[in-house]
Structures are given as C-alpha cells and as structure tokens.
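S.K.: Here it is, the structure in full.
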Number of protein chains: 2
Amino acid sequence: MKLDVYLKERRKLVDGFLRHYISSKKKDRDCPKHLCEAMSYALTAGGKRVRPILCIAGYEAVGGTSDNILPVAASLELIHTYSLIHDDLPAMDDDDFRRNQPTTHKMYGEATAILAGDALLTDAFNMISLSDAKPETLITVIGELSRASGPEGMVGGQTVDIILEGKKAKKKELLYIHTHKTGALIRASVRIGALMAEAGPEKINALTRYGEKIGLAFQVIDDILDVTATKEELGKSAGADDARGKNTYPSIFGLEKSKTLAEELIHDSLESIKLLNHKAKPLADIARYILSRRN
Amino acid sequence: MKLDVYLKERRKLVDGFLRHYISSKKKDRDCPKHLCEAMSYALTAGGKRVRPILCIAGYEAVGGTSDNILPVAASLELIHTYSLIHDDLPAMDDDDFRRNQPTTHKMYGEATAILAGDALLTDAFNMISLSDAKPETLITVIGELSRASGPEGMVGGQTVDIILEGKKAKKKELLYIHTHKTGALIRASVRIGALMAEAGPEKINALTRYGEKIGLAFQVIDDILDVTATKEELGKSAGADDARGKNTYPSIFGLEKSKTLAEELIHDSLESIKLLNHKAKPLADIARYILSRRN
C-alpha cells in the first residue's frame, strides 16, 4: 500500500473515533457547552494525527490487528492537542494562529483555553480506562503515556524550552528540549502500539529506537521548516522561533548541519526496524515522509 | 480514636508519601529543577489533605487495611493541587495568596505555574499506574478519577463558575457549579477508597451518597467562610468571592439559609452511612468536622 493511502485510511479511523468522542461529550449534560466547543474546536482543526497513526503503525508492525487500538491511539491526540492549547497561551508561546485558524484562547478566552487543555489531558486517561483490552496492558500504557507526557517528558521539555528562551542553550540543553518536548510523546506513541500488541522485548527495543530517532528528527525538521517554509505551508506564523529567541537546531548548528542531522536520524530509524517484517513498511515510509514534509 | 488523632496520623502517612514522591522527582535528571521546585512548592504548602484522608477513611470504613491505598489517596492531592494552581492564575481567579503563601505563579511565573499544574495532573495517573493493586481495580479507579476531575466533573464546574462570574446564577446553575467544582472530586475520593477495598454495591452506594452530601456541604461552608472568616483563618483573601462577583450559596440563598442547608447536608451524610459498622466512625467525625471548620 502506498503511504498516502495508508495515512488517509488510518487518519479516517482516528478522526471517526475522535468525532464520536466529541459528539458523546456534547450529548453529556454534565459537560458545559462552552467547554465542549472549545475542546472540539482544538481537536478537529485538521491535525495530521501523526501520533495516533504512529501508534497504529507500531501496533500493526508487530502483528496487532484489532480495532481496540483506536481509543488508545486517539488518546495520544488528546494529549498532543492539550499541549498545543497550553503552549499557545499568552504566558507561554503567545501564538495567535495554529493549523490556519485562531488559537483556542483567541476564540474562547484564556480561562476556557486553560480548562479545555486540562479537560483533554484528563480525558486522555479516561479514554484509555474505557478501552477494551487487558487491564494489565492498559495500566502499562497509562504508565508509559503519563511518564512521556509529564514532568520527565513533554512538560519537562516545554519548561526548559521556555526558561531558555532568549538565552543561548548549550547543545546538551537543546537535545534535552527536543527529545522531551516532542520526542518523548512520539517515542511513546510507537512503544504504546507495540505494548498493545504484546510484542516481545526485541521488537519493543527496535520500535523504541525507531521512535527516538524519528521523534528527534521530527522536531529538528520542525525547526528547519520554521526557517524555510511559508506561513501558508505551516498554518502558523513562519520565523516565529527566531523572533521569539527560541533555541533551535538551525540557530545552534546552522541550517545545513541540521538537515544532515535529520537525514542521519531518519537513516538510523530505518536501520533499527530492519529486523521487522513487511508489516513495518508503513513505519519506514513514515520515517521517509517526515524527512520530506513541508508542514 | 479521637478525630484529631486520626486526622494527624493519616495526614502524616499522606505527607510522607508525597515527600517521597517529590524527593524522587528531584533526583530524576529528566525532571527540570525549576519545574520540580514549583511542583514541590505547591504540594507542600500545608494543605489539609482532605481528599486523601477521605479516600483512606472510605477504604477503612469498608474493611480495607493495606498501605496500597496510599499512592491512590495521594494522587487525589496531586489533582487537587493542580486545580488550585490553575484556578489561581491571572486568567482564572487571579489570586495572589493561597495557604498563607504567595500563589505558585507569583513565585515561579505564569508559564511554570501552568506547566507545574499540567505535570501534577499527569503524575496523578502515573502514580496510580505504579500502585501495587489489581490492574482491573486500578483501571476502575483511573476511570472514576478522570471522570470526576475532567470536563464532566471538576473542570466543568470550574468553567461554569468562571463563565457566570459577575452574572446572577440560577439555583440550578449554582448547584451544578458546587457539585462539580468541589463535590465531584470529594465524592470520587470516598468512592475510590471503597473501590480499592472491593466493597459491594450496597456499601459503595452508601459511601457515594455520603460523598455527595459532604462534597456539597464542603463548598457551601467554603462560601460561608469566605463571608465570615478572617484572612488569617483562611490563609487567603477573605471576601474574595463577593469582590469577584462569584455565585455562592450566601449570595443566592442568604447566610442563614446556607448554614441551615449545610447542616441538613451533614445530617443526610451521617444517615447514609448508618448501615456501616464502627469502622465508619472517622467518616462520621469528618462530616461533623466539616460543619464546624473555620478554614
């Protein structure tokens, strides 16, 4: 199967599940309308669903075949979306546009944006708890996801990113920011797919290495695109990192070296999954796609 | 055992567990120092640990005896503390003092406060996932906690509270705010204790009714204290609700009627646990204490 068909089909499954989630939320009298709408606005803004698709692809790569993966995969998008809402807040990155539309706090006000982020984060764990899989597997998944998105993962990376804004980061600090702010959740996405399929340690290790490499590559390429792509391509302000004094791979290593590094990381990611069979082809295709993407 | 001794002993256990949590966090090289410190600051500011103690008391009331309850009980304090940090933010209730010290954003800045809240919320689920109990029980607990603290629970209540600020709420709306903003997590605290002890439906129903009644009473009395107590007693600004145009029981029903209502709720909470044996005595004592508290 060609990658674009694979991505389209998997994205359709994820979007279908997320639509179902939002629509039952809107029918729930305990969920305030204004809050539901803000959550729906942020969640259905046309994200690429990279993390859920990586989770599904990781699951399928080691032999998983059931639809039970969907709620767990979708929970990763809830976490990702909450992090975008909070990152865009005036006290954080202060962004007005995201995915070609006004950010959540611009549409619904800051208080509701903070609360919508909190709600999506909380619901991610609710979604997993309602999944139809072995409880011991779900507990492992919750442990993995919470560690990857918490203070030792994504939130930690975001903290250091903001603290070092306007200061020149050391290379070690830049690596910490990127492997945690973006890398940790991408790594976890692939690993959670493997955990849900109950893969053995060798395969889990292979997918972990794959996830680490593409996770870092993903953020390095994000940095590169912020310098080289247009606002229309990105769906958000271009050149924003530089204007804000963000530490990025191009700002520390230069553009050419950053590109070379991204290529090396993608190469390494492909190497690490060589031991898997043809079912891992989508993962390999996704790694190559990450390198070539323009948004 | 006298209530003050019971509260002191259980609080010591909870505080010990939370100290251990923060100290391993500080040793974890993946957790940024600044973030850890903000989390620790908010978490160790001398809270009464009402929710963890209610969880332990609910657990013990139906025969639970193991220390396995501690991580689950402590996770409730992480959720409560995160909600205080976010509620105090300038875009939310804009409070400068909490528990007799500057609020987290006053000490560490808004960005770190938002992130520390996110981290504590995420870690609550991590803490439960690492607990030593049956996976199916832990999944039920995670479902319960996430529902009670998410958009249909605490976050929902907080949203309506803020939306209706400065507007006169209908009685139905006021009830929604109070049963969700504060009530949902208190109800869940008691229920989670019962779930951890694998109590049968009759006992769970009794504790659920108890939790609902004291949860609402707790917030009604909070409203009353905001009018009648001093800043020193409260550890935060007194009269803040009125100054901010908050909808409270005294503002809608008057002070006397609010006091009567609180008394009735506590009476009902005591009725609902009459079928339990002497092990439920601390729960009964706590209900009476809630009515008489001055902070």
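Letters for chains follow the order of the structure tokens (A, B, ...), residue numbers begin at 1 for each chain, and ligand numbers begin at 1 in the order shown.
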Can you tell me, as a ChimeraX atom specification, what residues are no more than 10 Å from region 223-233 of chain A when counting only C-alpha atoms, ignoring any on the same chain fewer than 2 positions away?

M.R.: /A:97,99-100,178,217-221,235-242,246-251,254-256,258-259,262,293-295

S.K.: Set out as JSON lines a contact list for chain A and chain B with a cut-off of 8 Å, giving each residue of chain A that qualifies its closest atom pair and distance in Å to one decimal, counting only C-alpha atoms, ordered by chain and rising residue number.

M.R.:
```
{"residue": "A:Asp28", "atom": "CA", "partner": "B:Glu152", "partner_atom": "CA", "distance": 7.7}
{"residue": "A:Asp30", "atom": "CA", "partner": "B:Glu152", "partner_atom": "CA", "distance": 4.6}
{"residue": "A:Cys31", "atom": "CA", "partner": "B:Glu152", "partner_atom": "CA", "distance": 4.5}
{"residue": "A:Pro32", "atom": "CA", "partner": "B:Gly156", "partner_atom": "CA", "distance": 5.9}
{"residue": "A:Leu35", "atom": "CA", "partner": "B:Thr159", "partner_atom": "CA", "distance": 6.9}
{"residue": "A:Cys36", "atom": "CA", "partner": "B:Pro151", "partner_atom": "CA", "distance": 7.8}
{"residue": "A:His86", "atom": "CA", "partner": "B:Ile114", "partner_atom": "CA", "distance": 7.8}
{"residue": "A:Ala91", "atom": "CA", "partner": "B:Ala111", "partner_atom": "CA", "distance": 5.3}
{"residue": "A:Met92", "atom": "CA", "partner": "B:Ala111", "partner_atom": "CA", "distance": 5.4}
{"residue": "A:Glu110", "atom": "CA", "partner": "B:Ala91", "partner_atom": "CA", "distance": 5.9}
{"residue": "A:Ala111", "atom": "CA", "partner": "B:Ala91", "partner_atom": "CA", "distance": 5.3}
{"residue": "A:Thr112", "atom": "CA", "partner": "B:Thr159", "partner_atom": "CA", "distance": 6.7}
{"residue": "A:Ile114", "atom": "CA", "partner": "B:His86", "partner_atom": "CA", "distance": 7.8}
{"residue": "A:Leu115", "atom": "CA", "partner": "B:Val155", "partner_atom": "CA", "distance": 6.3}
{"residue": "A:Ala116", "atom": "CA", "partner": "B:Pro151", "partner_atom": "CA", "distance": 7.9}
{"residue": "A:Asp118", "atom": "CA", "partner": "B:Asp118", "partner_atom": "CA", "distance": 7.3}
{"residue": "A:Ala119", "atom": "CA", "partner": "B:Gly150", "partner_atom": "CA", "distance": 5.0}
{"residue": "A:Leu120", "atom": "CA", "partner": "B:Gly150", "partner_atom": "CA", "distance": 7.9}
{"residue": "A:Leu121", "atom": "CA", "partner": "B:Thr122", "partner_atom": "CA", "distance": 7.6}
{"residue": "A:Thr122", "atom": "CA", "partner": "B:Gly150", "partner_atom": "CA", "distance": 5.5}
{"residue": "A:Asp123", "atom": "CA", "partner": "B:Gly150", "partner_atom": "CA", "distance": 6.3}
{"residue": "A:Phe125", "atom": "CA", "partner": "B:Ser146", "partner_atom": "CA", "distance": 6.6}
{"residue": "A:Asn126", "atom": "CA", "partner": "B:Gly143", "partner_atom": "CA", "distance": 5.2}
{"residue": "A:Ser129", "atom": "CA", "partner": "B:Gly143", "partner_atom": "CA", "distance": 5.4}
{"residue": "A:Leu130", "atom": "CA", "partner": "B:Gly143", "partner_atom": "CA", "distance": 7.1}
{"residue": "A:Pro135", "atom": "CA", "partner": "B:Glu136", "partner_atom": "CA", "distance": 5.1}
{"residue": "A:Glu136", "atom": "CA", "partner": "B:Pro135", "partner_atom": "CA", "distance": 5.2}
{"residue": "A:Leu138", "atom": "CA", "partner": "B:Ile139", "partner_atom": "CA", "distance": 7.6}
{"residue": "A:Ile139", "atom": "CA", "partner": "B:Ser129", "partner_atom": "CA", "distance": 5.5}
{"residue": "A:Thr140", "atom": "CA", "partner": "B:Ser129", "partner_atom": "CA", "distance": 7.2}
{"residue": "A:Ile142", "atom": "CA", "partner": "B:Ser129", "partner_atom": "CA", "distance": 6.4}
{"residue": "A:Gly143", "atom": "CA", "partner": "B:Asn126", "partner_atom": "CA", "distance": 5.2}
{"residue": "A:Ser146", "atom": "CA", "partner": "B:Asn126", "partner_atom": "CA", "distance": 5.3}
{"residue": "A:Arg147", "atom": "CA", "partner": "B:Asn126", "partner_atom": "CA", "distance": 6.6}
{"residue": "A:Ser149", "atom": "CA", "partner": "B:Thr122", "partner_atom": "CA", "distance": 7.2}
{"residue": "A:Gly150", "atom": "CA", "partner": "B:Ala119", "partner_atom": "CA", "distance": 5.1}
{"residue": "A:Pro151", "atom": "CA", "partner": "B:Ala119", "partner_atom": "CA", "distance": 5.2}
{"residue": "A:Glu152", "atom": "CA", "partner": "B:Cys31", "partner_atom": "CA", "distance": 4.5}
{"residue": "A:Gly153", "atom": "CA", "partner": "B:Asp30", "partner_atom": "CA", "distance": 7.2}
{"residue": "A:Val155", "atom": "CA", "partner": "B:Leu115", "partner_atom": "CA", "distance": 6.3}
{"residue": "A:Gly156", "atom": "CA", "partner": "B:Cys31", "partner_atom": "CA", "distance": 5.8}
{"residue": "A:Thr159", "atom": "CA", "partner": "B:Thr112", "partner_atom": "CA", "distance": 6.7}
{"residue": "A:Val160", "atom": "CA", "partner": "B:Pro32", "partner_atom": "CA", "distance": 7.0}
{"residue": "A:Ile162", "atom": "CA", "partner": "B:Ala111", "partner_atom": "CA", "distance": 7.8}
```

S.K.: In Å to one decimal, how far is CA of Ala57 (chain A) from CA of Leu195 (chain A)?

M.R.: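 The value is 12.3 Å.
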
S.K.: What does the structure give for the distance between CA of Phe253 (chain A) and CA of Lys213 (chain A), in Å to one decimal?

M.R.: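 Rounded to one decimal, the two atoms are 17.9 Å apart.
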
S.K.: Would you list the contacts of region 276-286 of chain A as a count of residues only, taking every protein, DNA or RNA residue within 7 Å and counting only C-alpha atoms, but skipping same-chain residues closer than 4 positions in sequence?

M.R.: 6

S.K.: Applying 10 Å and only C-alpha atoms, which residues near Asn68 (chain B) remain after dropping the ones on its own chain fewer than 6 positions away? List them as a PyMOL selection string.

M.R.: chain B and resi 131-133+196-197

S.K.: Among region 61-106 of chain A, which ones does DSSP place in alpha helix (DSSP H), written as number ranges by chain?

M.R.: A: 61, 69-88, 104-106

S.K.: At a cut-off of 8 Å, using only C-alpha atoms, what residues contact Glu77 (chain A)? Leave out same-chain residues fewer than 2 positions from it and give the result as a list in words.

M.R.: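 Listed by chain and then number, they are Leu43, Arg49, Arg51, Pro52, Ala73, Ala74, Ser75, Ile79, His80 and Thr81 of chain A.
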
S.K.: Hey, can you spit out that residue selection with N, CA and C atoms as a PDB file, in the first residue's frame?

M.R.:
```
ATOM      1  N   LEU A  43      -9.583  20.181  18.761  1.00  0.00           N
ATOM      2  CA  LEU A  43      -9.341  18.785  18.386  1.00  0.00           C
ATOM      3  C   LEU A  43      -9.640  18.513  16.915  1.00  0.00           C
ATOM      4  N   ARG A  49      -2.657  13.973  12.807  1.00  0.00           N
ATOM      5  CA  ARG A  49      -2.834  12.732  13.583  1.00  0.00           C
ATOM      6  C   ARG A  49      -1.580  11.862  13.537  1.00  0.00           C
ATOM      7  N   ARG A  51       0.702  11.199  15.820  1.00  0.00           N
ATOM      8  CA  ARG A  51       0.949  10.304  16.955  1.00  0.00           C
ATOM      9  C   ARG A  51       0.005   9.097  16.969  1.00  0.00           C
ATOM     10  N   PRO A  52      -1.320   9.316  16.773  1.00  0.00           N
ATOM     11  CA  PRO A  52      -2.194   8.132  16.681  1.00  0.00           C
ATOM     12  C   PRO A  52      -1.786   7.196  15.543  1.00  0.00           C
ATOM     13  N   ALA A  73      -4.852   4.956  20.685  1.00  0.00           N
ATOM     14  CA  ALA A  73      -4.201   5.824  19.690  1.00  0.00           C
ATOM     15  C   ALA A  73      -4.782   7.231  19.760  1.00  0.00           C
ATOM     16  N   ALA A  74      -6.112   7.315  19.877  1.00  0.00           N
ATOM     17  CA  ALA A  74      -6.768   8.633  19.911  1.00  0.00           C
ATOM     18  C   ALA A  74      -6.379   9.418  21.157  1.00  0.00           C
ATOM     19  N   SER A  75      -6.130   8.711  22.264  1.00  0.00           N
ATOM     20  CA  SER A  75      -5.756   9.412  23.498  1.00  0.00           C
ATOM     21  C   SER A  75      -4.467  10.212  23.301  1.00  0.00           C
ATOM     22  N   ILE A  79      -3.701  14.266  24.159  1.00  0.00           N
ATOM     23  CA  ILE A  79      -2.527  14.798  24.863  1.00  0.00           C
ATOM     24  C   ILE A  79      -1.824  15.843  23.989  1.00  0.00           C
ATOM     25  N   HIS A  80      -1.626  15.501  22.721  1.00  0.00           N
ATOM     26  CA  HIS A  80      -0.947  16.430  21.815  1.00  0.00           C
ATOM     27  C   HIS A  80      -1.735  17.744  21.705  1.00  0.00           C
ATOM     28  N   THR A  81      -3.053  17.640  21.546  1.00  0.00           N
ATOM     29  CA  THR A  81      -3.878  18.842  21.374  1.00  0.00           C
ATOM     30  C   THR A  81      -3.870  19.707  22.640  1.00  0.00           C
TER      31      THR A  81
END
```

S.K.: Based on DSSP run over this structure's backbone, return all residues of region 29-250 of chain B in strand (DSSP E or B), as a list in words.

M.R.: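 The strand (DSSP E or B) subset of region 29-250 of chain B is Phe97, Arg98, Gln101 and Pro102 of chain B.
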
S.K.: Considering only C-alpha atoms, state which residue in the set A:Asp161, A:Asp67, A:Glu271, A:Asp4 is at the smallest distance from Phe17 (chain A).

M.R.: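 Under the stated criterion, the closest residue is A:Asp67.
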